[in-house]
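Have a look at start_10.cif below; it lists mmCIF, N, CA and C atoms.
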```cif
data_target
loop_
_atom_site.label_atom_id
_atom_site.label_comp_id
_atom_site.auth_asym_id
_atom_site.auth_seq_id
_atom_site.Cartn_x
_atom_site.Cartn_y
_atom_site.Cartn_z
N MET A 29 -37.99 -57.89 74.03
CA MET A 29 -38.03 -57.89 72.58
C MET A 29 -38.31 -56.48 72.05
N LYS A 30 -39.23 -55.76 72.72
CA LYS A 30 -39.54 -54.41 72.31
C LYS A 30 -38.32 -53.50 72.44
N LYS A 31 -37.56 -53.71 73.52
CA LYS A 31 -36.37 -52.89 73.75
C LYS A 31 -35.35 -53.10 72.62
N ILE A 32 -35.21 -54.32 72.19
CA ILE A 32 -34.24 -54.63 71.12
C ILE A 32 -34.68 -53.95 69.83
N ILE A 33 -35.95 -54.01 69.52
CA ILE A 33 -36.46 -53.39 68.29
C ILE A 33 -36.28 -51.87 68.35
N VAL A 34 -36.58 -51.28 69.50
CA VAL A 34 -36.41 -49.83 69.65
C VAL A 34 -34.94 -49.45 69.52
N MET A 35 -34.06 -50.21 70.14
CA MET A 35 -32.63 -49.92 70.07
C MET A 35 -32.13 -50.05 68.63
N LEU A 36 -32.57 -51.06 67.91
CA LEU A 36 -32.17 -51.23 66.52
C LEU A 36 -32.67 -50.09 65.66
N ALA A 37 -33.89 -49.66 65.92
CA ALA A 37 -34.45 -48.54 65.17
C ALA A 37 -33.65 -47.26 65.41
N VAL A 38 -33.26 -47.02 66.66
CA VAL A 38 -32.47 -45.83 67.00
C VAL A 38 -31.10 -45.92 66.33
N LEU A 39 -30.45 -47.07 66.43
CA LEU A 39 -29.13 -47.24 65.80
C LEU A 39 -29.21 -47.07 64.29
N PHE A 40 -30.24 -47.60 63.69
CA PHE A 40 -30.42 -47.46 62.25
C PHE A 40 -30.60 -45.99 61.87
N ALA A 41 -31.40 -45.27 62.63
CA ALA A 41 -31.66 -43.85 62.34
C ALA A 41 -30.38 -43.03 62.48
N VAL A 42 -29.61 -43.28 63.52
CA VAL A 42 -28.35 -42.55 63.73
C VAL A 42 -27.37 -42.89 62.62
N GLY A 43 -27.23 -44.15 62.28
CA GLY A 43 -26.32 -44.58 61.22
C GLY A 43 -26.73 -44.01 59.87
N PHE A 44 -28.00 -43.99 59.58
CA PHE A 44 -28.50 -43.45 58.32
C PHE A 44 -28.22 -41.95 58.23
N LYS A 45 -28.42 -41.25 59.33
CA LYS A 45 -28.18 -39.81 59.35
C LYS A 45 -26.71 -39.51 59.09
N GLN A 46 -25.81 -40.28 59.71
CA GLN A 46 -24.38 -40.07 59.51
C GLN A 46 -23.96 -40.41 58.09
N ALA A 47 -24.55 -41.43 57.52
CA ALA A 47 -24.18 -41.85 56.17
C ALA A 47 -24.61 -40.83 55.13
N THR A 48 -25.74 -40.18 55.34
CA THR A 48 -26.22 -39.22 54.36
C THR A 48 -25.63 -37.83 54.53
N ALA A 49 -25.02 -37.55 55.65
CA ALA A 49 -24.50 -36.22 55.91
C ALA A 49 -22.97 -36.22 55.96
N GLN A 50 -22.35 -36.84 54.98
CA GLN A 50 -20.89 -36.84 54.95
C GLN A 50 -20.39 -35.50 54.44
N ARG A 51 -19.52 -34.92 55.21
CA ARG A 51 -18.97 -33.61 54.86
C ARG A 51 -17.68 -33.82 54.06
N VAL A 52 -17.67 -33.28 52.86
CA VAL A 52 -16.53 -33.43 51.96
C VAL A 52 -15.77 -32.11 51.90
N THR A 53 -14.45 -32.19 51.90
CA THR A 53 -13.60 -31.00 51.84
C THR A 53 -13.17 -30.75 50.41
N PHE A 54 -13.36 -29.51 49.97
CA PHE A 54 -12.94 -29.08 48.64
C PHE A 54 -12.07 -27.84 48.78
N TYR A 55 -11.17 -27.65 47.82
CA TYR A 55 -10.49 -26.38 47.66
C TYR A 55 -11.17 -25.68 46.48
N TYR A 56 -11.50 -24.42 46.67
CA TYR A 56 -12.13 -23.64 45.61
C TYR A 56 -11.15 -22.58 45.13
N TYR A 57 -10.92 -22.54 43.83
CA TYR A 57 -10.03 -21.58 43.19
C TYR A 57 -10.89 -20.59 42.41
N PRO A 58 -11.21 -19.44 43.00
CA PRO A 58 -12.12 -18.51 42.33
C PRO A 58 -11.56 -17.92 41.04
N SER A 59 -10.25 -17.80 40.92
CA SER A 59 -9.70 -17.22 39.69
C SER A 59 -9.99 -18.08 38.48
N SER A 60 -10.14 -19.39 38.68
CA SER A 60 -10.44 -20.31 37.58
C SER A 60 -11.82 -20.93 37.72
N ASN A 61 -12.50 -20.67 38.82
CA ASN A 61 -13.80 -21.26 39.13
C ASN A 61 -13.73 -22.79 39.08
N VAL A 62 -12.76 -23.32 39.83
CA VAL A 62 -12.50 -24.76 39.85
C VAL A 62 -12.53 -25.24 41.30
N TYR A 63 -13.05 -26.46 41.48
CA TYR A 63 -13.05 -27.12 42.79
C TYR A 63 -12.08 -28.30 42.74
N TYR A 64 -11.44 -28.57 43.88
CA TYR A 64 -10.57 -29.74 44.01
C TYR A 64 -11.06 -30.55 45.20
N ASN A 65 -11.43 -31.80 44.96
CA ASN A 65 -11.90 -32.69 46.02
C ASN A 65 -10.67 -33.28 46.71
N VAL A 66 -10.48 -32.94 47.97
CA VAL A 66 -9.29 -33.34 48.70
C VAL A 66 -9.22 -34.86 48.88
N SER A 67 -10.35 -35.51 49.08
CA SER A 67 -10.33 -36.95 49.34
C SER A 67 -10.18 -37.80 48.08
N THR A 68 -10.74 -37.37 46.96
CA THR A 68 -10.66 -38.17 45.73
C THR A 68 -9.59 -37.67 44.76
N HIS A 69 -9.04 -36.49 45.04
CA HIS A 69 -8.01 -35.86 44.19
C HIS A 69 -8.54 -35.56 42.79
N ASP A 70 -9.82 -35.21 42.70
CA ASP A 70 -10.45 -34.87 41.43
C ASP A 70 -10.70 -33.36 41.37
N TYR A 71 -10.64 -32.83 40.17
CA TYR A 71 -11.01 -31.44 39.91
C TYR A 71 -12.41 -31.41 39.32
N GLU A 72 -13.13 -30.35 39.61
CA GLU A 72 -14.44 -30.14 39.00
C GLU A 72 -14.46 -28.73 38.43
N TYR A 73 -14.83 -28.64 37.16
CA TYR A 73 -14.88 -27.35 36.50
C TYR A 73 -16.08 -27.31 35.56
N TYR A 74 -16.50 -26.09 35.26
CA TYR A 74 -17.64 -25.91 34.37
C TYR A 74 -17.15 -25.86 32.93
N ASP A 75 -17.73 -26.68 32.10
CA ASP A 75 -17.38 -26.72 30.68
C ASP A 75 -18.48 -26.02 29.89
N PRO A 76 -18.22 -24.81 29.40
CA PRO A 76 -19.27 -24.08 28.68
C PRO A 76 -19.67 -24.76 27.37
N GLY A 77 -18.79 -25.57 26.79
CA GLY A 77 -19.12 -26.26 25.56
C GLY A 77 -20.25 -27.27 25.73
N THR A 78 -20.24 -27.96 26.87
CA THR A 78 -21.28 -28.95 27.14
C THR A 78 -22.30 -28.45 28.16
N THR A 79 -22.06 -27.26 28.69
CA THR A 79 -22.88 -26.63 29.74
C THR A 79 -23.10 -27.55 30.93
N THR A 80 -22.06 -28.28 31.31
CA THR A 80 -22.13 -29.17 32.48
C THR A 80 -20.85 -29.03 33.29
N TRP A 81 -20.93 -29.50 34.52
CA TRP A 81 -19.75 -29.57 35.37
C TRP A 81 -19.06 -30.90 35.09
N VAL A 82 -17.75 -30.86 34.93
CA VAL A 82 -16.96 -32.03 34.55
C VAL A 82 -16.01 -32.37 35.70
N THR A 83 -15.87 -33.66 35.97
CA THR A 83 -14.94 -34.14 37.00
C THR A 83 -13.79 -34.86 36.31
N VAL A 84 -12.55 -34.40 36.60
CA VAL A 84 -11.36 -34.98 35.98
C VAL A 84 -10.24 -35.06 37.02
N GLN A 85 -9.26 -35.91 36.74
CA GLN A 85 -8.09 -35.97 37.62
C GLN A 85 -7.01 -34.99 37.17
N LYS A 86 -7.04 -34.62 35.90
CA LYS A 86 -6.08 -33.65 35.37
C LYS A 86 -6.86 -32.61 34.58
N LEU A 87 -6.61 -31.35 34.92
CA LEU A 87 -7.32 -30.25 34.25
C LEU A 87 -6.81 -30.07 32.83
N PRO A 88 -7.69 -29.62 31.93
CA PRO A 88 -7.22 -29.33 30.58
C PRO A 88 -6.25 -28.15 30.58
N ALA A 89 -5.43 -28.07 29.56
CA ALA A 89 -4.41 -27.02 29.48
C ALA A 89 -5.02 -25.62 29.42
N THR A 90 -6.28 -25.52 29.05
CA THR A 90 -6.93 -24.21 28.96
C THR A 90 -7.26 -23.61 30.32
N ILE A 91 -7.21 -24.43 31.36
CA ILE A 91 -7.50 -23.94 32.72
C ILE A 91 -6.19 -23.84 33.49
N THR A 92 -5.89 -22.64 33.94
CA THR A 92 -4.66 -22.42 34.70
C THR A 92 -5.00 -21.73 36.01
N PHE A 93 -4.13 -21.94 36.99
CA PHE A 93 -4.28 -21.27 38.28
C PHE A 93 -3.31 -20.11 38.35
N THR A 94 -3.79 -19.02 38.89
CA THR A 94 -2.91 -17.89 39.14
C THR A 94 -2.43 -17.99 40.58
N LYS A 95 -1.72 -17.01 41.01
CA LYS A 95 -1.25 -17.00 42.40
C LYS A 95 -2.33 -16.50 43.35
N ALA A 96 -3.53 -16.42 42.86
CA ALA A 96 -4.66 -16.01 43.70
C ALA A 96 -4.90 -17.07 44.76
N PRO A 97 -5.52 -16.72 45.85
CA PRO A 97 -5.72 -17.68 46.94
C PRO A 97 -6.74 -18.76 46.60
N ARG A 98 -6.64 -19.83 47.35
CA ARG A 98 -7.66 -20.89 47.29
C ARG A 98 -8.39 -20.85 48.63
N TYR A 99 -9.62 -21.34 48.62
CA TYR A 99 -10.44 -21.34 49.83
C TYR A 99 -10.91 -22.75 50.11
N THR A 100 -10.97 -23.12 51.37
CA THR A 100 -11.48 -24.42 51.76
C THR A 100 -12.99 -24.32 51.90
N VAL A 101 -13.68 -25.23 51.21
CA VAL A 101 -15.14 -25.25 51.19
C VAL A 101 -15.59 -26.63 51.65
N TYR A 102 -16.54 -26.68 52.55
CA TYR A 102 -17.09 -27.95 53.03
C TYR A 102 -18.49 -28.10 52.46
N TYR A 103 -18.80 -29.30 52.01
CA TYR A 103 -20.10 -29.55 51.40
C TYR A 103 -20.58 -30.93 51.80
N ASN A 104 -21.86 -31.06 52.05
CA ASN A 104 -22.45 -32.36 52.39
C ASN A 104 -22.78 -33.10 51.10
N GLY A 105 -21.82 -33.86 50.62
CA GLY A 105 -21.97 -34.58 49.36
C GLY A 105 -20.86 -34.20 48.41
N THR A 106 -20.99 -34.63 47.16
CA THR A 106 -19.93 -34.36 46.19
C THR A 106 -20.32 -33.34 45.13
N ASP A 107 -21.55 -32.90 45.11
CA ASP A 107 -22.00 -31.94 44.10
C ASP A 107 -21.83 -30.50 44.58
N VAL A 108 -20.60 -30.15 44.94
CA VAL A 108 -20.31 -28.83 45.50
C VAL A 108 -20.64 -27.72 44.51
N TRP A 109 -20.60 -28.01 43.24
CA TRP A 109 -20.89 -27.00 42.21
C TRP A 109 -22.32 -26.47 42.29
N LYS A 110 -23.19 -27.17 43.00
CA LYS A 110 -24.56 -26.68 43.16
C LYS A 110 -24.60 -25.36 43.93
N ASP A 111 -23.56 -25.10 44.72
CA ASP A 111 -23.46 -23.84 45.47
C ASP A 111 -22.49 -22.86 44.79
N ASN A 112 -22.21 -23.06 43.52
CA ASN A 112 -21.22 -22.24 42.83
C ASN A 112 -21.58 -20.76 42.82
N ASP A 113 -22.83 -20.42 42.64
CA ASP A 113 -23.22 -19.01 42.65
C ASP A 113 -22.89 -18.36 43.99
N ILE A 114 -23.11 -19.09 45.07
CA ILE A 114 -22.79 -18.59 46.41
C ILE A 114 -21.29 -18.41 46.56
N HIS A 115 -20.53 -19.41 46.11
CA HIS A 115 -19.07 -19.35 46.24
C HIS A 115 -18.47 -18.23 45.39
N LYS A 116 -19.02 -18.02 44.20
CA LYS A 116 -18.49 -16.94 43.34
C LYS A 116 -18.71 -15.58 43.99
N LYS A 117 -19.83 -15.40 44.67
CA LYS A 117 -20.09 -14.13 45.35
C LYS A 117 -19.24 -13.98 46.61
N LYS A 118 -19.12 -15.06 47.36
CA LYS A 118 -18.39 -15.01 48.63
C LYS A 118 -16.89 -14.87 48.43
N TYR A 119 -16.35 -15.58 47.44
CA TYR A 119 -14.91 -15.59 47.18
C TYR A 119 -14.63 -14.99 45.81
N LYS A 120 -14.87 -13.71 45.68
CA LYS A 120 -14.68 -13.06 44.39
C LYS A 120 -13.23 -13.19 43.95
N ALA A 121 -13.06 -13.49 42.67
CA ALA A 121 -11.71 -13.61 42.11
C ALA A 121 -11.05 -12.24 42.10
N THR A 122 -9.84 -12.20 42.59
CA THR A 122 -9.10 -10.94 42.57
C THR A 122 -8.29 -10.87 41.29
N LYS A 123 -8.32 -9.71 40.69
CA LYS A 123 -7.58 -9.51 39.46
C LYS A 123 -6.22 -8.92 39.80
N THR A 124 -5.21 -9.45 39.17
CA THR A 124 -3.86 -8.96 39.39
C THR A 124 -3.64 -7.74 38.50
N VAL A 125 -3.24 -6.66 39.13
CA VAL A 125 -2.98 -5.43 38.39
C VAL A 125 -1.49 -5.17 38.41
N ALA A 126 -0.91 -5.02 37.24
CA ALA A 126 0.52 -4.74 37.16
C ALA A 126 0.76 -3.28 37.52
N LYS A 127 1.76 -3.07 38.36
CA LYS A 127 2.11 -1.71 38.74
C LYS A 127 3.05 -1.13 37.71
N LYS A 128 2.77 0.08 37.32
CA LYS A 128 3.60 0.75 36.34
C LYS A 128 4.67 1.53 37.08
N THR A 129 5.91 1.29 36.71
CA THR A 129 7.00 2.01 37.36
C THR A 129 7.53 3.06 36.40
N THR A 130 7.85 4.19 36.95
CA THR A 130 8.40 5.27 36.14
C THR A 130 9.75 5.66 36.70
N LYS A 131 10.64 6.02 35.80
CA LYS A 131 11.96 6.48 36.23
C LYS A 131 11.87 7.98 36.50
N LYS A 132 12.49 8.37 37.56
CA LYS A 132 12.55 9.78 37.88
C LYS A 132 13.76 10.38 37.17
N SER A 133 13.54 11.48 36.62
CA SER A 133 14.61 12.17 35.92
C SER A 133 15.42 13.00 36.92
N ASN A 134 16.73 12.96 36.76
CA ASN A 134 17.61 13.72 37.65
C ASN A 134 18.02 15.04 37.00
N LYS A 135 17.30 15.47 35.99
CA LYS A 135 17.63 16.73 35.33
C LYS A 135 17.25 17.91 36.20
N SER A 136 18.14 18.91 36.26
CA SER A 136 17.88 20.09 37.07
C SER A 136 17.66 21.28 36.21
#
```

Could you express the structure from this file as structure tokens?
Amino acid sequence: MKKIIVMLAVLFAVGFKQATAQRVTFYYYPSSNVYYNVSTHDYEYYDPGTTTWVTVQKLPATITFTKAPRYTVYYNGTDVWKDNDIHKKKYKATKTVAKKTTKKSNKS
């Protein structure tokens, strides 16, 4: 009987640990400071009007993606935005700079 109780306790502890430590995959777009949850297909972005992070399936028209890279971010849980300061520093948004071209004159 003691063995059964010990085994159940061990199984419960292992199961509880796995249930609480689910690793979720997100794509982080630093140019827009937006996360995309790969499993739920939801976007998360910071709304300065409400000063909160918002979860939506379709981003508002005011948020656009550039051709800047996206990064895969793993987080234990769904509140990935809690590490946003770390992600902003680690994956700094690159600014696109237009190259200016000049014509060379063939005057001699």

Which residues, named as in the file, does the PyMOL selection byres (((chain A and resi 53-67 and name CA) around 9) and name CA) pick out? Answer as a ChimeraX atom specification.
/A:51-52,68-74,91-104,106,108-109,112,115-116,119-123

Is it possible to get the axis-aligned box enclosing segment 110-120 of chain A (all listed atoms, 6 Å extra per side) as JSON, with centre and edge lengths in Å rounded to one decimal?
```
{"center_x": -18.9, "center_y": -20.1, "center_z": 45.6, "size_x": 23.4, "size_y": 26.1, "size_z": 18.0}
```

What is the atom N of Ile114 of chain A-atom CA of Trp81 of chain A distance in Å, reported with one decimal?
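If I compute the distance from atom N of Ile114 of chain A to atom CA of Trp81 of chain A, I get 14.7 Å.
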
What is the distance, in Å and to one decimal place, between atom CA of Gln50 of chain A and atom CA of Thr78 of chain A?
28.9 Å

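In this structure, atom CA of Asp107 of chain A sits 10.2 Å away from atom N of Val82 of chain A.
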
Can you tell me, as a list of chain:residue names, which residues in segment 45-130 of chain A count as alpha helix (DSSP H) by DSSP?
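For segment 45-130 of chain A, the alpha helix (DSSP H) set is A:Lys45, A:Gln46, A:Ala47, A:Thr48, A:Asn112, A:Asp113, A:Ile114, A:His115, A:Lys116, A:Lys117, A:Lys118.
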
Only N, CA and C atoms, please: the residues just picked out, written as a short mmCIF file (atom, residue, chain, number, x, y, z; two decimals), in the coordinates of the input.
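Everything below was put into result14.cif:
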```
data_model
loop_
_atom_site.label_atom_id
_atom_site.label_comp_id
_atom_site.auth_asym_id
_atom_site.auth_seq_id
_atom_site.Cartn_x
_atom_site.Cartn_y
_atom_site.Cartn_z
N LYS A 45 -28.42 -41.25 59.33
CA LYS A 45 -28.18 -39.81 59.35
C LYS A 45 -26.71 -39.51 59.09
N GLN A 46 -25.81 -40.28 59.71
CA GLN A 46 -24.38 -40.07 59.51
C GLN A 46 -23.96 -40.41 58.09
N ALA A 47 -24.55 -41.43 57.52
CA ALA A 47 -24.18 -41.85 56.17
C ALA A 47 -24.61 -40.83 55.13
N THR A 48 -25.74 -40.18 55.34
CA THR A 48 -26.22 -39.22 54.36
C THR A 48 -25.63 -37.83 54.53
N ASN A 112 -22.21 -23.06 43.52
CA ASN A 112 -21.22 -22.24 42.83
C ASN A 112 -21.58 -20.76 42.82
N ASP A 113 -22.83 -20.42 42.64
CA ASP A 113 -23.22 -19.01 42.65
C ASP A 113 -22.89 -18.36 43.99
N ILE A 114 -23.11 -19.09 45.07
CA ILE A 114 -22.79 -18.59 46.41
C ILE A 114 -21.29 -18.41 46.56
N HIS A 115 -20.53 -19.41 46.11
CA HIS A 115 -19.07 -19.35 46.24
C HIS A 115 -18.47 -18.23 45.39
N LYS A 116 -19.02 -18.02 44.20
CA LYS A 116 -18.49 -16.94 43.34
C LYS A 116 -18.71 -15.58 43.99
N LYS A 117 -19.83 -15.40 44.67
CA LYS A 117 -20.09 -14.13 45.35
C LYS A 117 -19.24 -13.98 46.61
N LYS A 118 -19.12 -15.06 47.36
CA LYS A 118 -18.39 -15.01 48.63
C LYS A 118 -16.89 -14.87 48.43
#
```
